>>> print(open('model_0.txt').read())   # compact mmCIF, C-alpha atoms
# COMPACT_ATOMS: atom_id res chain seq x y z
CA MET N 3 -156.09 -90.04 147.43
CA VAL N 4 -154.18 -93.30 147.27
CA PHE N 5 -152.48 -92.53 143.94
CA GLU N 6 -151.87 -88.83 144.54
CA ASN N 7 -148.09 -89.18 145.04
CA PHE N 8 -147.66 -92.38 143.07
CA THR N 9 -146.77 -92.60 139.40
CA VAL N 10 -146.71 -95.57 137.07
CA ASP N 11 -144.48 -95.78 134.03
CA GLU N 12 -146.19 -97.49 131.10
CA ALA N 13 -143.00 -99.23 130.03
CA ASP N 14 -142.62 -100.79 133.49
CA VAL N 15 -146.06 -102.36 133.20
CA SER N 16 -145.23 -103.77 129.77
CA ARG N 17 -141.84 -105.09 130.90
CA ALA N 18 -143.37 -106.78 133.96
CA ILE N 19 -145.83 -108.66 131.76
CA ILE N 20 -143.34 -109.56 129.04
CA ARG N 21 -140.52 -110.67 131.33
CA GLU N 22 -142.65 -112.78 133.65
CA PHE N 23 -144.64 -114.38 130.82
CA MET N 24 -141.52 -115.24 128.84
CA LYS N 25 -139.86 -116.70 131.91
CA GLU N 26 -142.83 -119.00 132.47
CA LEU N 27 -143.18 -119.80 128.75
CA ASP N 28 -139.55 -120.89 128.66
CA ALA N 29 -140.18 -123.28 131.56
CA MET N 30 -143.28 -124.67 129.83
CA ALA N 31 -141.33 -125.81 126.76
CA GLU N 32 -140.64 -129.14 128.43
CA THR N 33 -142.75 -130.56 131.22
CA ASP N 34 -143.95 -133.84 132.71
CA VAL N 35 -147.61 -133.80 131.67
CA ILE N 36 -149.56 -131.66 129.23
CA ILE N 37 -153.33 -131.62 129.71
CA VAL N 38 -155.27 -130.25 126.76
CA GLY N 39 -158.58 -128.82 127.91
CA ALA N 40 -159.21 -127.03 131.21
CA GLY N 41 -162.73 -128.30 131.73
CA PRO N 42 -163.96 -130.62 134.50
CA ALA N 43 -161.66 -133.57 133.79
CA GLY N 44 -158.67 -131.40 132.92
CA ALA N 45 -158.97 -129.21 136.01
CA VAL N 46 -159.19 -132.17 138.39
CA ALA N 47 -156.33 -133.98 136.65
CA ALA N 48 -154.13 -130.88 136.85
CA ARG N 49 -154.64 -130.55 140.61
CA LYS N 50 -154.08 -134.22 141.32
CA LEU N 51 -150.85 -134.26 139.31
CA ALA N 52 -149.49 -130.96 140.61
CA GLU N 53 -150.14 -132.01 144.21
CA GLN N 54 -147.67 -134.85 143.64
CA GLY N 55 -144.98 -132.44 142.50
CA ILE N 56 -145.45 -133.39 138.83
CA ASP N 57 -144.82 -130.52 136.41
CA THR N 58 -148.21 -129.98 134.78
CA LEU N 59 -149.25 -127.68 131.96
CA LEU N 60 -152.88 -127.01 131.05
CA ILE N 61 -153.50 -125.87 127.48
CA GLU N 62 -156.87 -124.25 126.87
CA LYS N 63 -158.22 -123.10 123.51
CA ASN N 64 -160.65 -120.58 124.95
CA VAL N 65 -159.73 -117.35 126.71
CA LYS N 66 -161.78 -118.55 129.68
CA PRO N 67 -160.94 -121.97 131.14
CA GLY N 68 -163.59 -124.21 132.63
CA GLY N 69 -165.15 -125.84 129.58
CA GLY N 70 -168.86 -126.51 129.99
CA MET N 71 -168.74 -126.20 133.77
CA TYR N 72 -169.75 -122.53 133.85
CA LEU N 73 -172.82 -123.08 131.71
CA GLY N 74 -174.79 -125.87 133.37
CA GLY N 75 -177.71 -126.87 131.16
CA MET N 76 -179.10 -124.28 128.71
CA LEU N 77 -177.08 -121.48 130.39
CA MET N 78 -178.64 -122.21 133.80
CA ASN N 79 -175.42 -122.23 135.79
CA LYS N 80 -176.00 -125.11 138.17
CA LEU N 81 -174.02 -128.37 138.15
CA VAL N 82 -175.42 -131.80 138.98
CA VAL N 83 -172.97 -134.25 140.53
CA GLU N 84 -173.46 -137.79 141.80
CA LYS N 85 -172.57 -138.74 145.37
CA PRO N 86 -169.46 -140.83 144.48
CA ALA N 87 -167.72 -137.70 143.10
CA ILE N 88 -168.75 -135.23 145.81
CA TYR N 89 -165.49 -135.60 147.73
CA LEU N 90 -163.57 -133.99 144.83
CA LEU N 91 -165.61 -130.82 145.32
CA GLU N 92 -165.42 -130.98 149.10
CA GLU N 93 -161.63 -131.20 148.87
CA VAL N 94 -161.50 -127.75 147.23
CA GLY N 95 -164.06 -126.16 149.57
CA VAL N 96 -167.18 -125.90 147.40
CA LYS N 97 -169.81 -124.51 149.78
CA SER N 98 -172.85 -124.41 147.51
CA LEU N 99 -173.35 -128.20 147.37
CA LYS N 100 -176.92 -129.17 148.16
CA LEU N 101 -178.62 -132.53 148.22
CA TYR N 102 -181.29 -132.59 145.51
CA LYS N 103 -182.42 -136.18 145.99
CA GLU N 104 -180.80 -139.40 147.13
CA GLY N 105 -177.46 -139.72 145.35
CA LEU N 106 -177.67 -136.42 143.42
CA TYR N 107 -176.26 -133.05 144.44
CA VAL N 108 -176.45 -129.62 142.84
CA ALA N 109 -173.92 -126.77 143.14
CA ASP N 110 -173.21 -123.34 141.70
CA ALA N 111 -171.39 -123.87 138.43
CA TYR N 112 -169.20 -120.80 138.74
CA GLU N 113 -168.07 -121.71 142.27
CA VAL N 114 -167.19 -125.26 141.23
CA SER N 115 -165.34 -124.04 138.15
CA THR N 116 -163.29 -121.37 139.85
CA LYS N 117 -162.39 -123.48 142.89
CA LEU N 118 -161.32 -126.48 140.84
CA LEU N 119 -159.12 -124.31 138.65
CA ALA N 120 -157.75 -122.21 141.52
CA SER N 121 -156.84 -125.37 143.44
CA ALA N 122 -154.91 -126.66 140.43
CA PHE N 123 -152.95 -123.42 140.18
CA ASP N 124 -152.41 -123.32 143.95
CA ALA N 125 -150.89 -126.78 143.68
CA GLY N 126 -148.44 -125.55 141.04
CA ALA N 127 -150.07 -126.31 137.67
CA LYS N 128 -149.51 -123.75 134.90
CA MET N 129 -151.80 -122.81 132.04
CA LEU N 130 -151.63 -121.40 128.53
CA ASN N 131 -155.01 -120.09 127.42
CA ALA N 132 -156.19 -118.94 123.97
CA VAL N 133 -153.86 -121.60 122.57
CA GLU N 134 -154.86 -124.33 120.12
CA VAL N 135 -153.20 -127.68 119.52
CA ALA N 136 -152.45 -128.20 115.83
CA ASP N 137 -150.44 -131.43 115.98
CA VAL N 138 -148.65 -133.83 118.29
CA VAL N 139 -144.94 -134.36 118.78
CA TYR N 140 -144.12 -138.03 118.35
CA ARG N 141 -141.28 -140.50 118.40
CA PRO N 142 -141.33 -144.06 117.00
CA ASP N 143 -142.54 -145.47 120.31
CA LYS N 144 -144.78 -142.73 121.79
CA ILE N 145 -146.38 -139.31 121.68
CA ALA N 146 -143.97 -136.83 123.20
CA GLY N 147 -145.81 -133.51 123.34
CA VAL N 148 -148.00 -131.14 121.35
CA VAL N 149 -147.64 -128.47 118.67
CA VAL N 150 -149.50 -125.24 119.43
CA ASN N 151 -150.37 -121.81 118.10
CA TRP N 152 -152.49 -118.92 119.29
CA HIS N 153 -156.14 -119.84 118.71
CA ALA N 154 -156.80 -116.57 116.89
CA ILE N 155 -154.36 -117.57 114.14
CA SER N 156 -156.88 -120.06 112.77
CA TYR N 157 -159.28 -117.18 112.09
CA LEU N 158 -156.80 -115.15 110.06
CA PRO N 159 -155.85 -117.23 106.98
CA LYS N 160 -156.35 -114.33 104.55
CA VAL N 161 -154.20 -111.96 106.58
CA LEU N 162 -151.53 -114.33 107.90
CA THR N 163 -150.70 -117.01 105.37
CA CYS N 164 -148.14 -118.84 107.50
CA VAL N 165 -147.48 -118.55 111.21
CA ASP N 166 -145.33 -121.42 112.36
CA PRO N 167 -146.33 -123.01 115.68
CA LEU N 168 -144.26 -123.92 118.71
CA ALA N 169 -143.70 -127.38 120.15
CA PHE N 170 -144.08 -128.21 123.82
CA LYS N 171 -142.59 -131.52 124.90
CA SER N 172 -143.90 -133.73 127.68
CA LYS N 173 -143.65 -137.26 128.98
CA MET N 174 -147.44 -137.74 128.88
CA VAL N 175 -150.35 -135.99 127.17
CA ILE N 176 -153.93 -136.07 128.47
CA ASP N 177 -156.70 -135.31 125.98
CA ALA N 178 -159.45 -133.59 127.99
CA THR N 179 -160.83 -131.61 125.04
CA GLY N 180 -164.42 -132.77 125.53
CA HIS N 181 -166.80 -133.70 122.73
CA GLY N 182 -164.22 -133.20 119.99
CA ALA N 183 -161.54 -135.56 121.36
CA GLU N 184 -159.29 -133.24 119.37
CA ILE N 185 -155.89 -134.64 120.32
CA ALA N 186 -156.96 -138.25 119.90
CA LYS N 187 -158.32 -137.46 116.43
CA ILE N 188 -155.14 -135.67 115.34
CA ALA N 189 -152.94 -138.46 116.64
CA GLY N 190 -155.13 -141.23 115.22
CA ARG N 191 -155.27 -139.66 111.78
CA LYS N 192 -151.55 -139.06 111.57
CA LEU N 193 -150.22 -142.10 113.40
CA GLY N 194 -152.66 -144.62 111.98
CA PHE N 195 -154.81 -145.85 114.86
CA GLU N 196 -158.59 -145.83 115.04
CA VAL N 197 -160.45 -143.05 116.86
CA HIS N 198 -164.22 -142.76 116.48
CA GLY N 199 -164.18 -139.02 117.21
CA CYS N 200 -167.86 -138.41 117.96
CA GLU N 201 -169.92 -139.37 121.00
CA GLY N 202 -173.24 -141.18 120.69
CA SER N 203 -176.66 -139.93 121.71
CA MET N 204 -177.55 -139.21 125.32
CA TRP N 205 -177.87 -142.07 127.80
CA MET N 206 -176.70 -140.66 131.09
CA ALA N 207 -176.31 -143.84 133.14
CA GLU N 208 -174.34 -145.67 130.44
CA ALA N 209 -172.34 -142.56 129.53
CA GLU N 210 -171.16 -142.11 133.11
CA LYS N 211 -169.94 -145.71 133.24
CA ALA N 212 -168.30 -145.39 129.83
CA THR N 213 -166.41 -142.24 130.79
CA LEU N 214 -164.66 -143.94 133.67
CA GLU N 215 -164.13 -147.26 131.93
CA ASN N 216 -162.59 -145.61 128.87
CA THR N 217 -160.33 -143.14 130.65
CA LYS N 218 -157.20 -144.91 129.49
CA GLU N 219 -153.98 -144.71 127.52
CA ILE N 220 -155.08 -145.21 123.91
CA TYR N 221 -151.61 -144.81 122.41
CA PRO N 222 -148.24 -144.73 124.19
CA GLY N 223 -148.02 -141.33 125.85
CA LEU N 224 -151.68 -140.33 125.21
CA ILE N 225 -154.51 -140.68 127.73
CA VAL N 226 -158.13 -139.72 126.99
CA ALA N 227 -160.27 -138.34 129.81
CA GLY N 228 -163.71 -136.89 130.40
CA MET N 229 -166.03 -136.53 127.42
CA ALA N 230 -163.05 -137.10 125.11
CA ALA N 231 -162.95 -140.69 126.37
CA ASN N 232 -166.53 -141.23 125.19
CA SER N 233 -165.97 -139.46 121.88
CA ALA N 234 -162.83 -141.44 121.15
CA PHE N 235 -164.87 -144.66 121.26
CA GLY N 236 -168.24 -143.40 119.96
CA LEU N 237 -169.99 -143.96 123.31
CA PRO N 238 -173.07 -142.15 124.72
CA ARG N 239 -173.04 -138.58 126.00
CA MET N 240 -174.29 -137.54 129.41
CA GLY N 241 -175.11 -133.84 129.09
CA PRO N 242 -174.89 -131.59 132.18
CA LEU N 243 -173.98 -134.34 134.65
CA PHE N 244 -170.42 -134.02 135.92
CA GLY N 245 -169.57 -136.75 138.41
CA ALA N 246 -167.86 -139.10 135.98
CA MET N 247 -165.95 -136.24 134.35
CA PHE N 248 -164.48 -135.22 137.71
CA LEU N 249 -163.64 -138.83 138.57
CA SER N 250 -162.19 -139.35 135.10
CA GLY N 251 -159.77 -136.47 135.69
CA GLU N 252 -158.60 -138.11 138.90
CA LYS N 253 -158.20 -141.47 137.15
CA ALA N 254 -156.26 -139.89 134.26
CA ALA N 255 -153.92 -138.22 136.74
CA GLY N 256 -153.36 -141.55 138.46
CA LEU N 257 -152.58 -143.30 135.17
CA ALA N 258 -150.16 -140.56 134.11
CA ALA N 259 -148.43 -140.50 137.50
CA ALA N 260 -148.04 -144.28 137.49
CA LYS N 261 -146.42 -144.17 134.04
CA LEU N 262 -144.05 -141.42 135.12
CA LYS N 263 -143.05 -143.20 138.30
CA GLY N 264 -142.91 -146.64 136.71
>>> encode(input="model_0.txt", output="structure tokens")
Amino acid sequence: MVFENFTVDEADVSRAIIREFMKELDAMAETDVIIVGAGPAGAVAARKLAEQGIDTLLIEKNVKPGGGMYLGGMLMNKLVVEKPAIYLLEEVGVKSLKLYKEGLYVADAYEVSTKLLASAFDAGAKMLNAVEVADVVYRPDKIAGVVVNWHAISYLPKVLTCVDPLAFKSKMVIDATGHGAEIAKIAGRKLGFEVHGCEGSMWMAEAEKATLENTKEIYPGLIVAGMAANSAFGLPRMGPLFGAMFLSGEKAAGLAAAKLKG
């Protein structure tokens, strides 16, 4: 048997996890770009930034990253993507892409999700999962990071009355939190600028245009991307159509990189 003459010490396993995690956590305390939300826009943005050598940290509230990508529509795990965004999936080797009709492709949701995320990590992006953003770090002229805590803390108010968060500084923050536009809403409420905070009803064609048009810096240091861009301005939703969300992630990465290099 493979393990017949091999023993594992439980403390060694614990130390390996603790030491390596703490080493990475220490490095994450200050980075170039923080992307909140590891869904379609966040995953693409993370890869595009990391490929340029930009220190990139993904923060994901759920244990499982990927956002709505895994689910497709009504738990039928297929993704629909328009032709203009196909190259972003081809770049990461998605093999399940099939032409459905002129201009529209379908692919396995789990393959797209895992390959987009794996490519971001291969490029050097890091991620903290099961972590929730509670606030932003700001200076008089810009947003300078986020304030986070373990997501589970928000479910334990009767047991844990006060668990102080940690701050992670960055030069740019990208809100890719989806329908909630969570970072934009926090920043708008506290810093005094208007954020709608809820997307409109479904109108796929207009929603796709709106996503790309409104992927922008809405406050110094804060870019909205993906569905968060629509929610921030109260614009239509698109449902399980992902082309603009992928392209929005690429655009957000380009905007962040230009700010960093400029």
>>> residues_around(input="model_0.txt", residues="stretch 202-214 of chain N", least_positions_apart="4", cutoff="12 Å", atoms="all atoms listed in the file", output="PyMOL selection string")
chain N and resi 43+82-84+86-87+178+180-181+198+218+226-254
>>> write_last_selection(input="model_0.txt", atoms="C-alpha atoms", output="short mmCIF file (atom, residue, chain, number, x, y, z; two decimals), keeping the file's coordinate frame")
data_model
loop_
_atom_site.label_atom_id
_atom_site.label_comp_id
_atom_site.auth_asym_id
_atom_site.auth_seq_id
_atom_site.Cartn_x
_atom_site.Cartn_y
_atom_site.Cartn_z
CA ALA N 43 -161.66 -133.57 133.79
CA VAL N 82 -175.42 -131.80 138.98
CA VAL N 83 -172.97 -134.25 140.53
CA GLU N 84 -173.46 -137.79 141.80
CA PRO N 86 -169.46 -140.83 144.48
CA ALA N 87 -167.72 -137.70 143.10
CA ALA N 178 -159.45 -133.59 127.99
CA GLY N 180 -164.42 -132.77 125.53
CA HIS N 181 -166.80 -133.70 122.73
CA HIS N 198 -164.22 -142.76 116.48
CA LYS N 218 -157.20 -144.91 129.49
CA VAL N 226 -158.13 -139.72 126.99
CA ALA N 227 -160.27 -138.34 129.81
CA GLY N 228 -163.71 -136.89 130.40
CA MET N 229 -166.03 -136.53 127.42
CA ALA N 230 -163.05 -137.10 125.11
CA ALA N 231 -162.95 -140.69 126.37
CA ASN N 232 -166.53 -141.23 125.19
CA SER N 233 -165.97 -139.46 121.88
CA ALA N 234 -162.83 -141.44 121.15
CA PHE N 235 -164.87 -144.66 121.26
CA GLY N 236 -168.24 -143.40 119.96
CA LEU N 237 -169.99 -143.96 123.31
CA PRO N 238 -173.07 -142.15 124.72
CA ARG N 239 -173.04 -138.58 126.00
CA MET N 240 -174.29 -137.54 129.41
CA GLY N 241 -175.11 -133.84 129.09
CA PRO N 242 -174.89 -131.59 132.18
CA LEU N 243 -173.98 -134.34 134.65
CA PHE N 244 -170.42 -134.02 135.92
CA GLY N 245 -169.57 -136.75 138.41
CA ALA N 246 -167.86 -139.10 135.98
CA MET N 247 -165.95 -136.24 134.35
CA PHE N 248 -164.48 -135.22 137.71
CA LEU N 249 -163.64 -138.83 138.57
CA SER N 250 -162.19 -139.35 135.10
CA GLY N 251 -159.77 -136.47 135.69
CA GLU N 252 -158.60 -138.11 138.90
CA LYS N 253 -158.20 -141.47 137.15
CA ALA N 254 -156.26 -139.89 134.26
#
>>> residues_around(input="model_0.txt", residues="N:Lys80", least_positions_apart="6", cutoff="9 Å", atoms="all atoms listed in the file", output="list in words")
Met71, Tyr72, Leu73, Gly74, Val108, Ala109, Asp110, Ala111, Tyr112 and Pro242 of chain N
>>> atom_distance(input="model_0.txt", atom1="atom CA of N:Asp143", atom2="atom CA of N:Leu193")
10.9 Å
>>> atom_distance(input="model_0.txt", atom1="atom CA of N:Asn79", atom2="atom CA of N:Lys50")
25.1 Å
>>> closest_residue(input="model_0.txt", among="N:Glu26, N:Glu92, N:Glu12, N:Asp34", to="N:Lys261", atoms="all atoms listed in the file")
N:Asp34
>>> residues_around(input="model_0.txt", residues="N:Leu118", least_positions_apart="3", cutoff="7 Å", atoms="only C-alpha atoms", output="list of chain:residue names")
N:Ala45, N:Val46, N:Val94, N:Val114, N:Ser115, N:Ser121, N:Ala122
>>> write_last_selection(input="model_0.txt", atoms="C-alpha atoms", output="short mmCIF file (atom, residue, chain, number, x, y, z; two decimals), in the frame of the given file")
data_model
loop_
_atom_site.label_atom_id
_atom_site.label_comp_id
_atom_site.auth_asym_id
_atom_site.auth_seq_id
_atom_site.Cartn_x
_atom_site.Cartn_y
_atom_site.Cartn_z
CA ALA N 45 -158.97 -129.21 136.01
CA VAL N 46 -159.19 -132.17 138.39
CA VAL N 94 -161.50 -127.75 147.23
CA VAL N 114 -167.19 -125.26 141.23
CA SER N 115 -165.34 -124.04 138.15
CA SER N 121 -156.84 -125.37 143.44
CA ALA N 122 -154.91 -126.66 140.43
#
>>> residues_around(input="model_0.txt", residues="N:Ile225", least_positions_apart="3", cutoff="8 Å", atoms="only C-alpha atoms", output="list in words")
Met174, Val175, Ile176, Asp177, Thr217, Lys218, Glu219, Ile220, Tyr221, Ala254 and Ala258 of chain N
>>> residues_around(input="model_0.txt", residues="N:Thr58", least_positions_apart="6", cutoff="7 Å", atoms="only C-alpha atoms", output="list in words")
Thr33, Asp34, Val35, Ile36, Ala48, Leu51, Ala52, Ala127 and Lys128 of chain N
>>> atom_distance(input="model_0.txt", atom1="atom CA of N:Ile20", atom2="atom CA of N:Asn131")
15.8 Å
>>> closest_residue(input="model_0.txt", among="N:Lys263, N:Lys171, N:Lys63, N:Lys117", to="N:Ile145", atoms="only C-alpha atoms")
N:Lys171
>>> closest_residue(input="model_0.txt", among="N:Ile88, N:Ala186, N:Val149, N:Leu130", to="N:Gly105", atoms="only C-alpha atoms")
N:Ile88
>>> residues_near_point(input="model_0.txt", point="(-155.8, -130.4, 130.0)", cutoff="6 Å", atoms="only C-alpha atoms", output="short mmCIF file (atom, residue, chain, number, x, y, z; two decimals) with C-alpha atoms, in the frame of the given file")
data_model
loop_
_atom_site.label_atom_id
_atom_site.label_comp_id
_atom_site.auth_asym_id
_atom_site.auth_seq_id
_atom_site.Cartn_x
_atom_site.Cartn_y
_atom_site.Cartn_z
CA ILE N 37 -153.33 -131.62 129.71
CA VAL N 38 -155.27 -130.25 126.76
CA GLY N 39 -158.58 -128.82 127.91
CA ALA N 40 -159.21 -127.03 131.21
CA GLY N 44 -158.67 -131.40 132.92
CA LEU N 60 -152.88 -127.01 131.05
CA ILE N 61 -153.50 -125.87 127.48
CA ALA N 178 -159.45 -133.59 127.99
#
